[in-house]
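Structure record follows, encoded as structure tokens.
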Amino acid sequence: APIPRYGSITEDEEEVELLPPHKHDNGHSAGGETFIGTVDASAGNGDEEDSKTATPKSSAWTRHHCISYTLAALICLYSAHYWHARSEPSGDDNVTVDVDPHSDIHRSSGRVPMPPALSILDPASDLGFRSTTRKGLATPSKAWGKHYLNGEDFTPLPTNQWYLNLLSHNAAADPSSAGEVAHVYTIPYVLGVSPPQVPKLPSQKEATTMAGIELYLPVMKTGAKNMQMVFDKNNGVSLGAIVNEEAKGGKSTDNDGSSLTSYVVDPDVPLSPLGVSLKWNHVNMKSHIVRGMPYGTVRFGKDQKKKSVLPTILSGHRPVSISLDSDTKVNDESKQTMLCGSLTGKPIHQDPNHGAPISSDAKSHVYSVKREIVFHMNQSDITWVVFFSKPVKVQCYSDAMPAVSVPGPIKEVQFRLNVVEVGDGEDEDELVVRMAVLDECTSGRKSGSSQHCAQLKSVGYETISSKKKVNDYLKVLREGAMLYPRSPLVGTQFPEEEDDSETAEDEGRVTNVVFDWDVTSVNSKGADAAAKEEAAVSVVAASSSSLRAMTTFPKATTKKEKNDDAFIMFALPHHLETLSSMDEDDNDDDSLCLHTFHGRTCLVHGSVWNLPISHGKPQSFLADRPPAANAIPSLAEALNKDVQFQVSGNILRGAGDTYFTAKILAKMGRVIEINEELQHLKSGEELTYHDADDTTIQEAASVAAEVTLPSEKEVEPLLDDLQQAVEIWLNPGGKEKGGGEAEFLYDATWGGFVNCGCKYIFDKKDEHNGSCNNTFPECPALESVNEDFGNGWYNDHHFHYGYFIYAAAVVAKHRPEWGRKYYERTLLYIRDIANPSADDKYFPMFRQKDWYLGNSWAAGLMSMELSPHGREQESSSEAIAAFEGIALFGNVMMKVFAEDEDKLGSARLVRNLGEVLTAMEVSAANRFWHVWGSKTDDDGSTTVSSANDGAKKVKPHINTYPKKYPKHVVGMMYDTMASFQTWFAPEDVVSYGIQLMPLTAVAERRDDPEWSNILYPVYAKSCKTANEVNDGFCEDNGWSIVQAGLLAETGEIEDALEMASEVPEDVFISDGGCGNSLSNTLW
């Protein structure tokens, strides 16, 4: 067949004629034009612009190609059966299996660059790990729908994505009663799925039920230890459709318990890390919920009677004014002004200071709307704009404030707008309605709007709500209203093989992260026609506005895409840094921005974003310079003790939790690596240091030559123990098959690598030599989210597995044959937390990653059920360490596989993957977890108080948070909240310290020296306070170890060495200090 793969245009640009058009029930063809391109893999999903096909030139063409395609299909079917019968994968790690990466529309689509899979081996059938299925709250909710839950092809599902609160069990059963938990932060909007009960109209006997979305523009509330995005439920606007029990046979719920307002993930739209598409069960309505969306978007189709589903808009506040682009006149009112009927049906003598646009007879009249409605709400002072993809007829009802107030409860809905008729449009076009906040402080009055207006005064720049910007913003909203993001994809274009050169390593490798927003026109006429019509129906004249521009990832362009320049999305400061560097003509003063939880957030044009991420310096077990010469004698002395570390029996048998065990293994690896570094210095072998001159290296080497270091024979037992302890967790089948007592399993429900858990029993006299009093299928970590820090529920996977990966890298470096043997099994840790490819059918892509924000999320399944603030992550530093471990493992395995071209490519991908994720996580920590100061200069730089030099001006650093937040770290970061606290201890030092561990080579890059200078005085004070108030808490729990590392980062090396040397030995085996050693602390 002449259809090019990956959705690209053929190289010779010859015209490709596609399959004949299919017929709809009404007999009309879906399309009639011939165009260059390919058939979209998602054709047939109800989106006519995607399912358009070319018209054949003759019936002979049809017969000829039908026969050709039939023969080709039969040959393919026979070939597939033949090769499937011949493939008999074994449990050996080196087995290879072929896979068709284009067999599933929910995988690689060709729209964005996609690397190959790290591995396509089945963790169960190929690698031998036992498989488990989940039950109860640990299962995906019914909101995933039959396609994902019961489909023929298994799809690994996301467990840590930002939008999962919309897919919780509570939301799936009844969105209308799910409450505040069923909300997500799309940035800038908070979006919910439980519109209020629809008030009855004067002609109705009772209220009705509405399904749809709620949209709120939140504001930030800041205190001494907390920052939170909040919203008043009455300030929002709901958009959806009335549903009634006739749709469910007269019942309010289905047999499965789902309600009238229930929905599922749209099976016709690929899963996306940037958003989720919902399809309602009992009304033909869809919504695409996407990060950075300037509008809330709902698509309304036809009902069972082939009539258009009619939208309804609700608000908890009454309007002050309503304007629309209509030719209708009612009671001689202006054609751009709309009057509502009274919700009571009776005339109201209104308070003249709070008048609502209600007709004198209190009756609702019908208005024709060409394209848009603008309404300004009284109590909130927010102005909203609503765009329709087709002409509609509408009527509205409003409450009013009477001249004489009457005591009583505040009504949940004070404004209702109904679409009563959908006008002209192509027969198959759906009605798309998009709404957006136009002005959050329209009049600046104090009545109920002070929180929005006060925030605007404090941000320090003009926003879209300023008088200078609001008309420009309206113009841009109009231009972009006919284009919406449907199924955005994220792609990663890693460096090519030639980027491994020494020059590339010195300059740093770059990965292009690509956002393809899947721009879709609201109608099949395309964006050109839509844009022309917009200009004719403008209500408010708008001047030209300069938006930040962005270069795009090169790709094929079809007719559908050629006017995507009008498409807009909101971008965060770190996106804008890339954009401003690409657009030399950019003018900040012309940017259309507003303030969000993550800083100044501005509109950008561009259907595809290309965000280059520099890997930075190549990662290494070494720091950028050797240990200081005067520290080496103390370091050698510590190594001679630490190399004798005796790992406990339970760890060697895999009987323990996955967090503390993994930290101990990484600690052992660090001792081995530090000793090897000093041995190389001692012997004069060349080492690569990126920030050390020859004199510094020679001084360190001279001192190292004079000290006594552990010999290879003395290190061997520690390496043996490390290998055994790493290996035991990677041996499948539990203790009866030579594996760990707390064995790892493959979760066949979600697609993940989880631990069974351990019911640990021990003799009080020998606590560290206990055992697990359970075997599979009795798995405590799968039954309770409180076991293993929630490992079985996908909490903290990258924290835990990062330490395992680091330890595996050390073993593989020193014992390459072990690395070859256990490569595929070690990859299971990496595939679980950072699978880069849709070609891996066993794990979701990038489980932990929030691509829009740039950071990871640690919270898993239970967060969506319980947290109204969305995803959460505590330790930014352990997230960084996880990806450092991946980079180091890849780097080690590149050397191991130097002569194996196929495996070398896989290892290179592992290294690049770890490097780019490390770079992004460090950047995110510096924006969201590390707080640089409270004063900002006019040019955007931060004035900080240095521990050494007093006040000085440093490199520009944009403060993300308000001045009212005085702390220098965030202890727990949520989607809509940041708190100075942790899950496990109330002491201030813990919130600081959890962002500073572990101490590895990446720590220097992680902890900027200037920020460290800001942080150190308050860290030292908090440690002292914790020791005094809580009986030595800081020292006994290992937080003084972190303090020594932080002090070193400020440049006070001698004081830091003295502090590290004074840490009691027993601290290094405590729960808080067990991941550290004296050797590593001195290092």
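Each chain of the structure tokens is named A, B, ... in the order shown, its residues numbered from 1; ligands are numbered from 1 in display order.
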**Message:** Report as a PyMOL selection string all protein, DNA and RNA residues lying within 10 Å of region 725-730 of chain A, evaluated on only C-alpha atoms, omitting residues in the same chain fewer than 3 positions from it.
**Reply:** chain A and resi 127+129+647-655+658+661-662+664-666+719-722+733-735+738-744+755+804-805+807-808+811+818+822+824-826+828-829
**Request:** Compile the contact shell of Asp691 (chain A) as a PyMOL selection string: residues with an atom at most 12 Å away, counting only C-alpha atoms, same-chain residues fewer than 2 positions apart removed.
**Result:** chain A and resi 506+617+622-627+687-689+693-697+1004
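Counting from CA of Val374 (chain A), the distance to CA of Leu166 (chain A) is 28.5 Å.
Relative to CA of Ala566 (chain A), CA of Gly606 (chain A) is found at 7.7 Å.
Residue nearest Thr775 (chain A) within the list A:Glu1065, A:Glu736, A:Glu899, A:Asp1031: A:Glu736 [criterion: smallest interatomic distance, only C-alpha atoms].
Within the 8 Å cut-off around Lys370 (chain A), using only C-alpha atoms and omitting residues fewer than 3 positions from it on the same chain, the listed residues are Asp325, Ser326, Phe388, Lys390, Pro391, Val392 and Val537 of chain A.
The space separating CA of His169 (chain A) from CA of Gly292 (chain A) comes to 25.7 Å.
Closest to Ala629 (chain A) among A:Asp303, A:Glu1054, A:Glu430, A:Asp788 is A:Glu1054, based on only C-alpha atoms.
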